[in-house]
$ cat data.cif   # mmCIF, C-alpha atoms
data_target
loop_
_atom_site.label_atom_id
_atom_site.label_comp_id
_atom_site.auth_asym_id
_atom_site.auth_seq_id
_atom_site.Cartn_x
_atom_site.Cartn_y
_atom_site.Cartn_z
CA MET A 1 -11.58 -0.50 -5.96
CA ASN A 2 -8.92 -2.77 -7.42
CA SER A 3 -10.34 -5.61 -9.47
CA PRO A 4 -7.83 -7.54 -11.52
CA GLY A 5 -8.93 -8.20 -15.08
CA ARG A 6 -11.45 -5.41 -15.38
CA ILE A 7 -10.65 -2.22 -17.24
CA PRO A 8 -10.35 0.72 -14.83
CA VAL A 9 -12.72 3.61 -15.48
CA THR A 10 -12.13 7.14 -14.25
CA ILE A 11 -15.00 9.61 -14.38
CA ILE A 12 -14.13 13.29 -14.49
CA SER A 13 -16.86 15.77 -13.75
CA GLY A 14 -17.12 19.44 -12.84
CA PHE A 15 -19.20 22.44 -13.78
CA LEU A 16 -18.97 24.15 -17.17
CA GLY A 17 -15.60 25.81 -17.54
CA SER A 18 -14.14 24.36 -14.35
CA GLY A 19 -11.08 22.92 -16.06
CA LYS A 20 -12.11 19.32 -16.68
CA THR A 21 -10.59 19.10 -20.12
CA SER A 22 -7.31 20.71 -19.08
CA ARG A 23 -7.00 18.25 -16.23
CA LEU A 24 -7.95 15.39 -18.50
CA ARG A 25 -5.46 16.31 -21.20
CA HIS A 26 -2.69 16.29 -18.64
CA MET A 27 -3.86 12.98 -17.18
CA LEU A 28 -3.74 11.42 -20.63
CA THR A 29 -0.20 12.50 -21.47
CA GLY A 30 1.84 9.42 -22.28
CA LYS A 31 -1.15 7.07 -22.03
CA PRO A 32 -2.18 6.41 -25.63
CA ASP A 33 -4.02 3.21 -24.75
CA THR A 34 -6.74 5.17 -22.97
CA ALA A 35 -10.23 5.44 -24.44
CA VAL A 36 -11.94 8.73 -23.72
CA ILE A 37 -15.70 9.15 -23.76
CA VAL A 38 -16.77 12.76 -23.87
CA ASN A 39 -20.31 13.77 -23.04
CA GLU A 40 -21.23 17.19 -24.33
CA PHE A 41 -24.37 19.13 -23.54
CA GLY A 42 -25.00 20.76 -26.86
CA ALA A 43 -24.83 20.04 -30.52
CA VAL A 44 -21.16 20.83 -31.01
CA GLY A 45 -18.60 18.95 -28.97
CA LEU A 46 -15.63 21.25 -28.62
CA ASP A 47 -13.88 19.26 -25.91
CA HIS A 48 -14.14 16.24 -28.12
CA GLU A 49 -12.03 17.99 -30.74
CA LEU A 50 -9.53 19.32 -28.22
CA LEU A 51 -8.87 15.81 -26.99
CA ARG A 52 -8.70 14.20 -30.39
CA ALA A 53 -5.31 15.77 -30.98
CA SER A 54 -3.75 13.52 -28.38
CA GLN A 55 -5.97 10.44 -28.28
CA GLU A 56 -6.78 7.92 -30.97
CA ARG A 57 -9.98 6.68 -29.45
CA VAL A 58 -12.26 9.49 -28.42
CA GLU A 59 -15.96 8.69 -28.45
CA LEU A 60 -18.59 11.39 -28.20
CA VAL A 61 -21.90 10.90 -26.47
CA GLY A 62 -23.48 14.17 -27.49
CA GLY A 63 -26.76 16.02 -27.43
CA GLY A 64 -27.65 15.62 -23.77
CA CYS A 65 -26.38 14.68 -20.35
CA ALA A 66 -25.13 11.14 -20.01
CA CYS A 67 -27.00 11.02 -16.71
CA CYS A 68 -30.50 11.62 -17.97
CA THR A 69 -30.92 10.99 -21.65
CA ARG A 70 -27.96 9.07 -22.91
CA ARG A 71 -27.28 6.22 -20.56
CA GLU A 72 -27.95 3.60 -23.20
CA ASP A 73 -25.65 5.50 -25.56
CA LEU A 74 -22.93 5.39 -22.94
CA ALA A 75 -23.43 1.65 -22.44
CA GLU A 76 -23.39 1.13 -26.20
CA THR A 77 -20.19 3.15 -26.55
CA LEU A 78 -18.49 1.01 -23.91
CA ARG A 79 -19.65 -2.14 -25.66
CA GLU A 80 -18.24 -0.85 -28.94
CA LEU A 81 -14.90 -0.17 -27.25
CA LEU A 82 -14.79 -3.73 -25.97
CA ASP A 83 -15.65 -5.02 -29.41
CA ALA A 84 -12.87 -2.94 -30.98
CA ARG A 85 -10.40 -4.30 -28.46
CA ASP A 86 -11.51 -7.89 -29.01
CA ARG A 87 -11.15 -7.50 -32.77
CA GLY A 88 -7.63 -6.17 -32.27
CA ARG A 89 -8.51 -2.71 -33.54
CA ALA A 90 -7.66 -0.87 -30.32
CA GLN A 91 -5.62 -1.14 -27.17
CA LEU A 92 -7.77 -0.57 -24.13
CA ARG A 93 -5.98 -0.35 -20.82
CA ARG A 94 -8.19 2.30 -19.23
CA VAL A 95 -11.25 4.40 -19.91
CA VAL A 96 -11.93 7.98 -18.95
CA ILE A 97 -15.42 9.43 -19.12
CA GLU A 98 -15.60 13.21 -19.19
CA CYS A 99 -19.07 14.26 -18.10
CA SER A 100 -21.06 17.21 -19.25
CA GLY A 101 -20.74 20.11 -16.84
CA LEU A 102 -24.42 19.72 -16.10
CA ALA A 103 -24.39 15.97 -15.57
CA ASP A 104 -25.11 14.10 -12.37
CA PRO A 105 -22.35 11.46 -12.29
CA ALA A 106 -24.30 8.96 -10.15
CA PRO A 107 -26.37 7.44 -12.98
CA ILE A 108 -23.22 7.10 -15.06
CA VAL A 109 -21.70 4.95 -12.32
CA PHE A 110 -25.01 3.10 -12.09
CA THR A 111 -25.09 2.47 -15.85
CA ILE A 112 -21.75 0.68 -15.70
CA THR A 113 -22.13 -1.20 -12.44
CA HIS A 114 -25.65 -2.46 -13.18
CA ASP A 115 -25.19 -3.54 -16.78
CA ALA A 116 -25.06 -7.34 -16.87
CA MET A 117 -22.18 -7.32 -19.34
CA LEU A 118 -20.32 -4.09 -18.64
CA ARG A 119 -19.86 -4.68 -14.93
CA HIS A 120 -17.75 -7.73 -15.67
CA HIS A 121 -15.45 -5.75 -17.97
CA PHE A 122 -15.24 -2.29 -16.41
CA ASP A 123 -14.37 -1.15 -12.91
CA VAL A 124 -15.26 2.41 -11.87
CA ARG A 125 -12.22 3.39 -9.83
CA ARG A 126 -12.37 7.15 -9.28
CA LEU A 127 -14.73 10.05 -9.65
CA ILE A 128 -12.73 13.26 -10.04
CA VAL A 129 -14.53 16.60 -9.79
CA THR A 130 -12.91 19.89 -10.78
CA VAL A 131 -13.99 23.10 -9.06
CA ASP A 132 -13.14 26.57 -10.34
CA ALA A 133 -11.26 28.52 -7.63
CA VAL A 134 -12.69 31.83 -8.83
CA ASN A 135 -16.33 30.91 -9.45
CA GLY A 136 -16.68 27.74 -7.38
CA SER A 137 -18.37 29.29 -4.35
CA HIS A 138 -20.94 31.06 -6.49
CA GLN A 139 -21.56 27.97 -8.58
CA LEU A 140 -22.06 25.87 -5.47
CA ALA A 141 -24.70 28.29 -4.26
CA ALA A 142 -26.40 28.79 -7.60
CA HIS A 143 -26.29 25.41 -9.32
CA PRO A 144 -27.48 22.26 -7.58
CA GLU A 145 -25.63 20.19 -10.18
CA VAL A 146 -22.33 21.44 -8.76
CA THR A 147 -23.25 20.50 -5.22
CA LYS A 148 -24.25 17.02 -6.35
CA GLN A 149 -20.97 16.59 -8.24
CA VAL A 150 -18.96 17.65 -5.18
CA LEU A 151 -20.93 15.33 -2.90
CA LEU A 152 -20.16 12.32 -5.07
CA ALA A 153 -16.45 12.98 -5.67
CA ASP A 154 -13.61 10.72 -4.62
CA GLU A 155 -11.11 13.41 -5.55
CA LEU A 156 -11.78 17.16 -5.63
CA VAL A 157 -9.43 19.32 -7.69
CA VAL A 158 -9.57 23.10 -7.25
CA THR A 159 -8.46 24.68 -10.53
CA LYS A 160 -7.34 28.15 -11.68
CA VAL A 161 -5.80 29.03 -8.32
CA ASP A 162 -3.36 31.30 -10.19
CA LEU A 163 -6.20 33.70 -10.93
CA LEU A 164 -6.52 34.57 -7.25
CA GLU A 165 -4.12 36.57 -5.10
CA HIS A 166 -4.83 34.42 -2.07
CA ALA A 167 -5.67 30.76 -1.62
CA PRO A 168 -9.44 30.15 -1.90
CA GLU A 169 -9.71 29.17 1.74
CA ALA A 170 -13.46 29.69 2.04
CA LEU A 171 -14.09 27.48 -0.99
CA ILE A 172 -11.71 24.81 0.25
CA ALA A 173 -13.37 24.84 3.68
CA ARG A 174 -16.78 24.55 2.05
CA LEU A 175 -15.69 21.64 -0.12
CA ALA A 176 -14.20 19.84 2.87
CA GLU A 177 -17.40 20.46 4.80
CA LEU A 178 -19.59 19.21 1.97
CA ASN A 179 -17.60 16.07 1.26
CA PRO A 180 -15.16 15.20 4.02
CA ALA A 181 -14.59 11.81 2.40
CA ALA A 182 -12.94 13.18 -0.75
CA SER A 183 -9.27 14.02 -1.19
CA LEU A 184 -8.70 17.66 -2.05
CA ARG A 185 -5.90 19.11 -4.24
CA THR A 186 -5.21 22.15 -6.33
CA ALA A 187 -4.22 22.22 -10.00
CA LEU A 188 -2.82 24.78 -12.40
CA HIS A 189 -3.47 24.40 -16.13
CA GLY A 190 -4.46 20.83 -15.52
CA VAL A 191 -1.32 19.92 -13.56
CA LEU A 192 -1.78 18.87 -9.96
CA SER A 193 0.15 20.89 -7.41
CA ASP A 194 3.23 19.27 -5.94
CA ASP A 195 2.00 20.30 -2.51
CA PRO A 196 0.61 17.56 -0.30
CA PRO A 197 -3.17 17.12 -0.63
CA LEU A 198 -5.16 19.63 1.39
CA ARG A 199 -7.11 16.64 2.59
CA THR A 200 -6.25 12.99 2.12
CA GLY A 201 -9.80 11.73 1.75
CA THR A 202 -9.59 9.09 4.44
CA GLY A 203 -13.04 10.08 5.52
CA LYS A 204 -11.71 11.42 8.78
CA ALA A 205 -13.44 14.52 10.03
CA PRO A 206 -12.98 16.49 13.24
CA ALA A 207 -16.36 15.94 14.79
CA ALA A 208 -18.20 12.73 15.54
CA ALA A 209 -21.38 14.13 14.05
CA GLU A 210 -21.08 16.99 11.64
CA ARG A 211 -23.98 19.04 10.32
CA LEU A 212 -23.95 21.41 7.43
CA PRO A 213 -25.71 24.61 8.49
CA ASP A 214 -26.81 27.47 6.25
CA PHE A 215 -26.99 25.43 3.12
CA ALA A 216 -28.37 27.40 0.21
CA GLY A 217 -31.54 26.76 -1.74
CA HIS A 218 -32.92 23.32 -2.30
CA THR A 219 -29.85 21.66 -0.84
CA ASP A 220 -30.68 22.86 2.66
CA ASP A 221 -31.61 19.33 3.69
CA VAL A 222 -28.23 17.85 2.75
CA ARG A 223 -26.40 16.62 5.84
CA SER A 224 -23.10 14.93 6.41
CA LEU A 225 -22.65 12.47 9.21
CA THR A 226 -19.19 11.30 10.09
CA VAL A 227 -19.23 8.24 12.25
CA ALA A 228 -15.86 8.13 13.90
CA THR A 229 -15.63 4.41 14.45
CA ASN A 230 -13.05 4.48 17.18
CA ASP A 231 -14.72 1.31 18.35
CA ARG A 232 -14.37 -1.63 16.08
CA VAL A 233 -17.32 -2.47 13.90
CA ASP A 234 -19.18 -5.73 13.59
CA TRP A 235 -19.22 -6.27 9.83
CA LEU A 236 -22.37 -8.39 9.78
CA GLY A 237 -24.29 -5.78 11.76
CA PHE A 238 -23.03 -3.05 9.46
CA ALA A 239 -23.79 -4.93 6.25
CA VAL A 240 -27.34 -5.87 7.29
CA TRP A 241 -27.99 -2.31 8.45
CA LEU A 242 -26.58 -0.68 5.30
CA SER A 243 -28.50 -3.06 3.04
CA MET A 244 -31.76 -2.23 4.82
CA LEU A 245 -30.95 1.48 4.84
CA LEU A 246 -30.21 1.61 1.11
CA HIS A 247 -33.33 -0.43 0.39
CA ALA A 248 -35.54 1.95 2.34
CA ARG A 249 -33.70 5.23 1.88
CA GLY A 250 -31.37 4.81 -1.08
CA GLU A 251 -32.57 7.99 -2.74
CA GLN A 252 -31.62 9.96 0.34
CA VAL A 253 -28.18 8.46 0.92
CA LEU A 254 -26.07 10.31 -1.63
CA ARG A 255 -22.68 9.01 -0.61
CA VAL A 256 -21.13 6.48 1.75
CA LYS A 257 -17.38 6.39 2.01
CA GLY A 258 -14.83 5.53 4.61
CA LEU A 259 -12.71 3.06 6.42
CA LEU A 260 -13.97 0.58 9.00
CA GLU A 261 -11.91 -1.30 11.52
CA LEU A 262 -13.66 -4.59 12.04
CA ASP A 263 -13.74 -6.85 15.05
CA GLY A 264 -10.47 -8.71 14.66
CA GLY A 265 -8.60 -5.60 13.51
CA THR A 266 -9.09 -5.89 9.74
CA LEU A 267 -9.41 -2.60 7.85
CA VAL A 268 -12.08 -2.42 5.15
CA SER A 269 -12.87 0.44 2.79
CA VAL A 270 -16.51 1.08 1.99
CA ASN A 271 -17.53 3.14 -1.02
CA GLY A 272 -21.00 3.76 -2.42
CA VAL A 273 -22.79 6.30 -4.58
CA GLN A 274 -26.52 6.28 -3.94
CA HIS A 275 -27.81 2.76 -4.64
CA VAL A 276 -24.48 1.60 -6.00
CA MET A 277 -22.18 0.01 -3.44
CA HIS A 278 -18.76 -1.11 -4.56
CA MET A 279 -17.47 -4.36 -3.18
CA PRO A 280 -15.84 -3.68 0.19
CA GLU A 281 -12.10 -3.96 0.00
CA HIS A 282 -9.55 -5.14 2.54
CA ILE A 283 -6.88 -2.51 3.06
CA PRO A 284 -3.46 -3.61 4.37
CA ARG A 285 -2.76 -1.64 7.51
CA GLU A 286 0.68 -0.60 6.24
CA GLU A 287 -0.95 1.23 3.29
CA ILE A 288 -2.78 3.63 5.58
CA ALA A 289 -0.86 6.57 6.97
CA ASP A 290 -3.53 7.31 9.55
CA PRO A 291 -5.54 4.20 10.29
CA ALA A 292 -8.12 6.04 12.41
CA ALA A 293 -11.32 4.63 11.00
CA SER A 294 -14.38 6.66 10.22
CA ILE A 295 -17.15 6.61 7.69
CA VAL A 296 -18.97 9.50 6.08
CA PHE A 297 -22.63 9.49 5.10
CA ILE A 298 -23.82 12.37 2.95
CA THR A 299 -27.57 12.37 3.09
CA ARG A 300 -30.51 14.39 1.90
CA GLY A 301 -33.48 14.88 4.19
CA LEU A 302 -32.37 12.38 6.82
CA ASP A 303 -32.13 12.99 10.54
CA VAL A 304 -28.47 12.30 11.24
CA ALA A 305 -29.10 11.67 14.95
CA ARG A 306 -31.60 8.95 13.99
CA LEU A 307 -29.10 7.51 11.51
CA GLN A 308 -26.49 7.25 14.27
CA GLU A 309 -29.02 5.77 16.70
CA SER A 310 -30.06 3.22 14.10
CA LEU A 311 -26.48 2.20 13.31
CA ASN A 312 -25.72 1.85 17.03
CA THR A 313 -28.85 -0.25 17.61
CA PHE A 314 -27.98 -2.62 14.78
CA GLN A 315 -24.41 -2.89 16.00
CA ARG A 316 -25.60 -3.82 19.48
CA LEU A 317 -28.13 -6.25 18.01
CA ALA A 318 -25.40 -8.03 16.02
CA ARG A 319 -23.17 -8.26 19.08
CA VAL A 320 -25.98 -9.56 21.29
CA ASP A 321 -26.55 -12.28 18.75
CA ALA A 322 -22.82 -12.99 18.82
CA ALA A 323 -23.00 -13.39 22.59
CA VAL A 324 -25.89 -15.86 22.47
CA SER A 325 -24.99 -17.78 19.29
CA MET B 1 -15.27 -11.04 6.45
CA GLY B 2 -12.72 -11.79 9.16
CA HIS B 3 -11.78 -14.82 11.17
CA GLU B 4 -15.19 -15.76 12.58
CA PRO B 5 -16.29 -19.26 11.51
CA ARG B 6 -18.88 -19.19 8.73
CA ALA B 7 -21.37 -21.20 10.75
CA SER B 8 -21.21 -18.58 13.50
CA VAL B 9 -21.71 -15.72 11.01
CA ARG B 10 -24.71 -17.50 9.51
CA ALA B 11 -26.22 -18.13 12.95
CA ARG B 12 -25.80 -14.48 13.89
CA ARG B 13 -27.25 -13.33 10.57
CA ARG B 14 -30.25 -15.60 11.05
CA ALA B 15 -30.81 -14.37 14.62
CA MET B 16 -30.46 -10.73 13.59
CA LEU B 17 -32.89 -11.00 10.67
CA ASP B 18 -35.29 -12.95 12.86
CA GLN B 19 -35.29 -10.09 15.39
CA ILE B 20 -35.89 -7.51 12.67
CA MET B 21 -38.70 -9.52 11.07
CA ARG B 22 -40.34 -10.28 14.42
CA ALA B 23 -40.42 -6.54 15.09
CA HIS B 24 -42.62 -6.34 11.98
CA GLY B 25 -44.86 -9.25 12.98
CA LEU B 26 -43.10 -11.69 10.67
CA ASP B 27 -41.18 -14.92 11.05
CA TYR B 28 -37.82 -15.59 9.43
CA SER B 29 -35.97 -18.81 8.76
CA ASP B 30 -33.32 -19.86 6.28
CA ASP B 31 -31.54 -22.96 5.07
CA PRO B 32 -28.26 -23.97 6.71
CA SER B 33 -26.25 -22.23 3.98
CA GLY B 34 -28.16 -18.99 4.58
CA VAL B 35 -28.75 -18.64 0.83
CA THR B 36 -32.53 -19.12 0.72
CA ALA B 37 -34.81 -17.53 3.29
CA LEU B 38 -38.45 -18.05 4.14
CA ILE B 39 -40.43 -15.13 5.49
CA SER B 40 -43.99 -15.59 6.68
CA ASN B 41 -46.70 -13.54 8.30
CA ARG B 42 -49.25 -14.54 10.89
CA LYS B 43 -51.89 -15.05 8.20
CA GLY B 44 -49.92 -17.94 6.77
CA SER B 45 -48.54 -16.20 3.70
CA VAL B 46 -44.97 -17.20 2.90
CA GLU B 47 -42.37 -15.75 0.54
CA VAL B 48 -38.98 -17.05 -0.54
CA ALA B 49 -36.02 -14.66 -0.71
CA GLY B 50 -32.61 -15.28 -2.24
CA GLY B 51 -30.57 -12.53 -0.61
CA LEU B 52 -30.77 -9.54 1.68
CA GLY B 53 -32.28 -7.30 -0.98
CA GLU B 54 -35.07 -9.79 -1.58
CA VAL B 55 -35.57 -10.25 2.17
CA TRP B 56 -36.53 -6.58 2.53
CA VAL B 57 -38.83 -6.66 -0.48
CA ALA B 58 -40.60 -9.83 0.68
CA GLY B 59 -40.82 -8.53 4.25
CA GLU B 60 -42.48 -5.33 3.08
CA ARG B 61 -45.04 -7.20 1.01
CA LEU B 62 -45.94 -9.51 3.89
CA ALA B 63 -45.96 -6.78 6.54
CA GLY B 64 -47.86 -4.37 4.32
CA ARG B 65 -45.61 -1.49 5.30
CA PRO B 66 -42.06 -0.28 4.67
CA LEU B 67 -39.13 -1.92 6.45
CA ASP B 68 -37.13 1.12 7.46
CA PRO B 69 -34.12 1.00 9.79
CA LEU B 70 -34.78 4.63 10.73
CA ASP B 71 -38.32 3.87 11.90
CA SER B 72 -38.40 4.98 15.55
CA GLN B 73 -40.91 2.27 16.46
CA LEU B 74 -38.59 -0.39 15.01
CA LEU B 75 -35.64 0.96 16.98
CA LYS B 76 -37.73 0.91 20.17
CA ARG B 77 -38.79 -2.67 19.50
CA LEU B 78 -35.21 -3.75 18.85
CA ALA B 79 -33.86 -2.01 21.94
CA PRO B 80 -35.34 -4.51 24.47
CA SER B 81 -33.72 -7.35 22.52
CA VAL B 82 -30.44 -5.57 22.85
CA GLU B 83 -30.92 -4.93 26.55
CA ASP B 84 -32.07 -8.50 27.25
CA GLY B 85 -29.05 -9.89 25.49
CA ALA B 86 -26.70 -7.51 27.24
CA ALA B 87 -28.07 -8.39 30.65
#
$ encode --input "data.cif" --output "structure tokens"
Amino acid sequence: MNSPGRIPVTIISGFLGSGKTSRLRHMLTGKPDTAVIVNEFGAVGLDHELLRASQERVELVGGGCACCTRREDLAETLRELLDARDRGRAQLRRVVIECSGLADPAPIVFTITHDAMLRHHFDVRRLIVTVDAVNGSHQLAAHPEVTKQVLLADELVVTKVDLLEHAPEALIARLAELNPAASLRTALHGVLSDDPPLRTGTGKAPAAAERLPDFAGHTDDVRSLTVATNDRVDWLGFAVWLSMLLHARGEQVLRVKGLLELDGGTLVSVNGVQHVMHMPEHIPREEIADPAASIVFITRGLDVARLQESLNTFQRLARVDAAVS
Amino acid sequence: MGHEPRASVRARRRAMLDQIMRAHGLDYSDDPSGVTALISNRKGSVEVAGGLGEVWVAGERLAGRPLDPLDSQLLKRLAPSVEDGAA
């Protein structure tokens, strides 16, 4: 989501103890003009202190999850950072928000993108989610917060792989199944592996329509639909359809991400978290290793066959209108 | 988005929204720029909408029911339009 002039924001999330802070500390090495906002669930912010050693500007939003009780605090913290920059008290080239392990990142994105002032100054670029290689499968099954974090990620990082004798293949397969739109890498002590990504996060998935069977607990109605748009897409038909879908069913559409090839051959990336849709972005064809277009919808409680039927109907409707207009 | 002339995109948008609104018993029209829309029901009530988001809200108020693209009845109603146009 490149937007010249706005300050890029990276959100890093992941369950308690999944290696967020280690990853973050490595990401911040050599970048002193980064402001870090740490959200702790609890009275004492340990991560806050760990990061202070390397960063001048670390702000703590403590005492609750940023997603549910502290959104105004988060907004206020961002405003204070801007004020400090404008008064010449701080350099501010990028912002990183480290979420509480229990936080739902979606409202954090919403807080920034729907604030009349903040959205003109900050640009949420990436949502990174760390997953513990040893405990990740159990946490996914036991804690709905983890599933939600994984569903919303742009980049999944499997941590602590050194603690296992073998690669966590089942976990990696599960993560890819849950969120085929995210890139997937491993990290050791916060450092990303030199190996190529396990998945590139182009949104491409093997099947035209993919269901997630045997989902545990209350997440059993979460479904992923990959629309392999081998046919080019009419942008108007897609935009009208998506707008109507998010209006009517926004609570149930957890994630929309992918690459569309439009009539005329233009490639456009689409990226949305629940009600929040980023501006679609033109992608130069030469920047895409595999330009096969597809778009992933991660939904809760929606009939994916109906979703596909609806999208197809609106596409045909737009093209009929093209033929008669 | 793309190389299609703006006037053509606006005409297609108008025709598409008109089809969707008609499927809900409503009428749709907009100004030549496509910025301001008028949605009315058969009882003579009219609402003004300034964008797609407002179009759905106004349409729901006038129709007295949700405007849902996954509604099977809506998809059935839109299908003949598609078939007629394709013929």
$ interface_residues --input "data.cif" --of "chain B" --to "chain A" --cutoff "12 Å" --atoms "all atoms listed in the file" --output "ChimeraX atom specification"
/B:1-21,51-60,65-87
$ atom_distance --input "data.cif" --atom1 "CA of Lys43 in chain B" --atom2 "CA of Gly64 in chain B"
12.1 Å
$ residues_near_point --input "data.cif" --point "(-33.6, -16.0, -5.0)" --cutoff "9 Å" --atoms "all atoms listed in the file" --output "NGL selection string"
:B and (35-37 or 48-51 or 54)
$ residues_around --input "data.cif" --residues "Val9 in chain A" --least-positions-apart "2" --cutoff "6 Å" --atoms "all atoms listed in the file" --output "number ranges by chain"
A: 95-96, 123-125
$ atom_distance --input "data.cif" --atom1 "CA of Thr226 in chain A" --atom2 "CA of Ile12 in chain A"
25.2 Å
$ residues_around --input "data.cif" --residues "range 24-26 of chain B" --least-positions-apart "5" --cutoff "7 Å" --atoms "only C-alpha atoms" --output "JSON, numbers by chain"
{"B": [39, 40, 41, 42, 63]}
$ residues_near_point --input "data.cif" --point "(-15.5, -4.8, -19.2)" --cutoff "10 Å" --atoms "all atoms listed in the file" --output "list in words"
Gly5, Arg6, Ile7, Pro8, Val9, Leu78, Arg79, Leu81, Leu82, Ile112, Met117, Leu118, Arg119, His120, His121, Phe122 and Asp123 of chain A
$ resolve_selection --input "data.cif" --expression "the PyMOL selection byres ((chain A and resi 21) around 8)" --output "list in words"
Gly19, Lys20, Ser22, Arg23, Leu24, Arg25, Asp47, Leu51, Glu98 and Gly190 of chain A
$ closest_residue --input "data.cif" --among "A:Gln252, A:Phe110, A:Phe238, A:Arg93" --to "Ile295 in chain A" --atoms "all atoms listed in the file"
A:Phe238
$ atom_distance --input "data.cif" --atom1 "CA of Lys148 in chain A" --atom2 "CA of Arg300 in chain A"
10.7 Å
$ residues_around --input "data.cif" --residues "Ala187 in chain A" --least-positions-apart "5" --cutoff "10 Å" --atoms "only C-alpha atoms" --output "PyMOL selection string"
chain A and resi 19+22-23+130-133+157-162+192-195
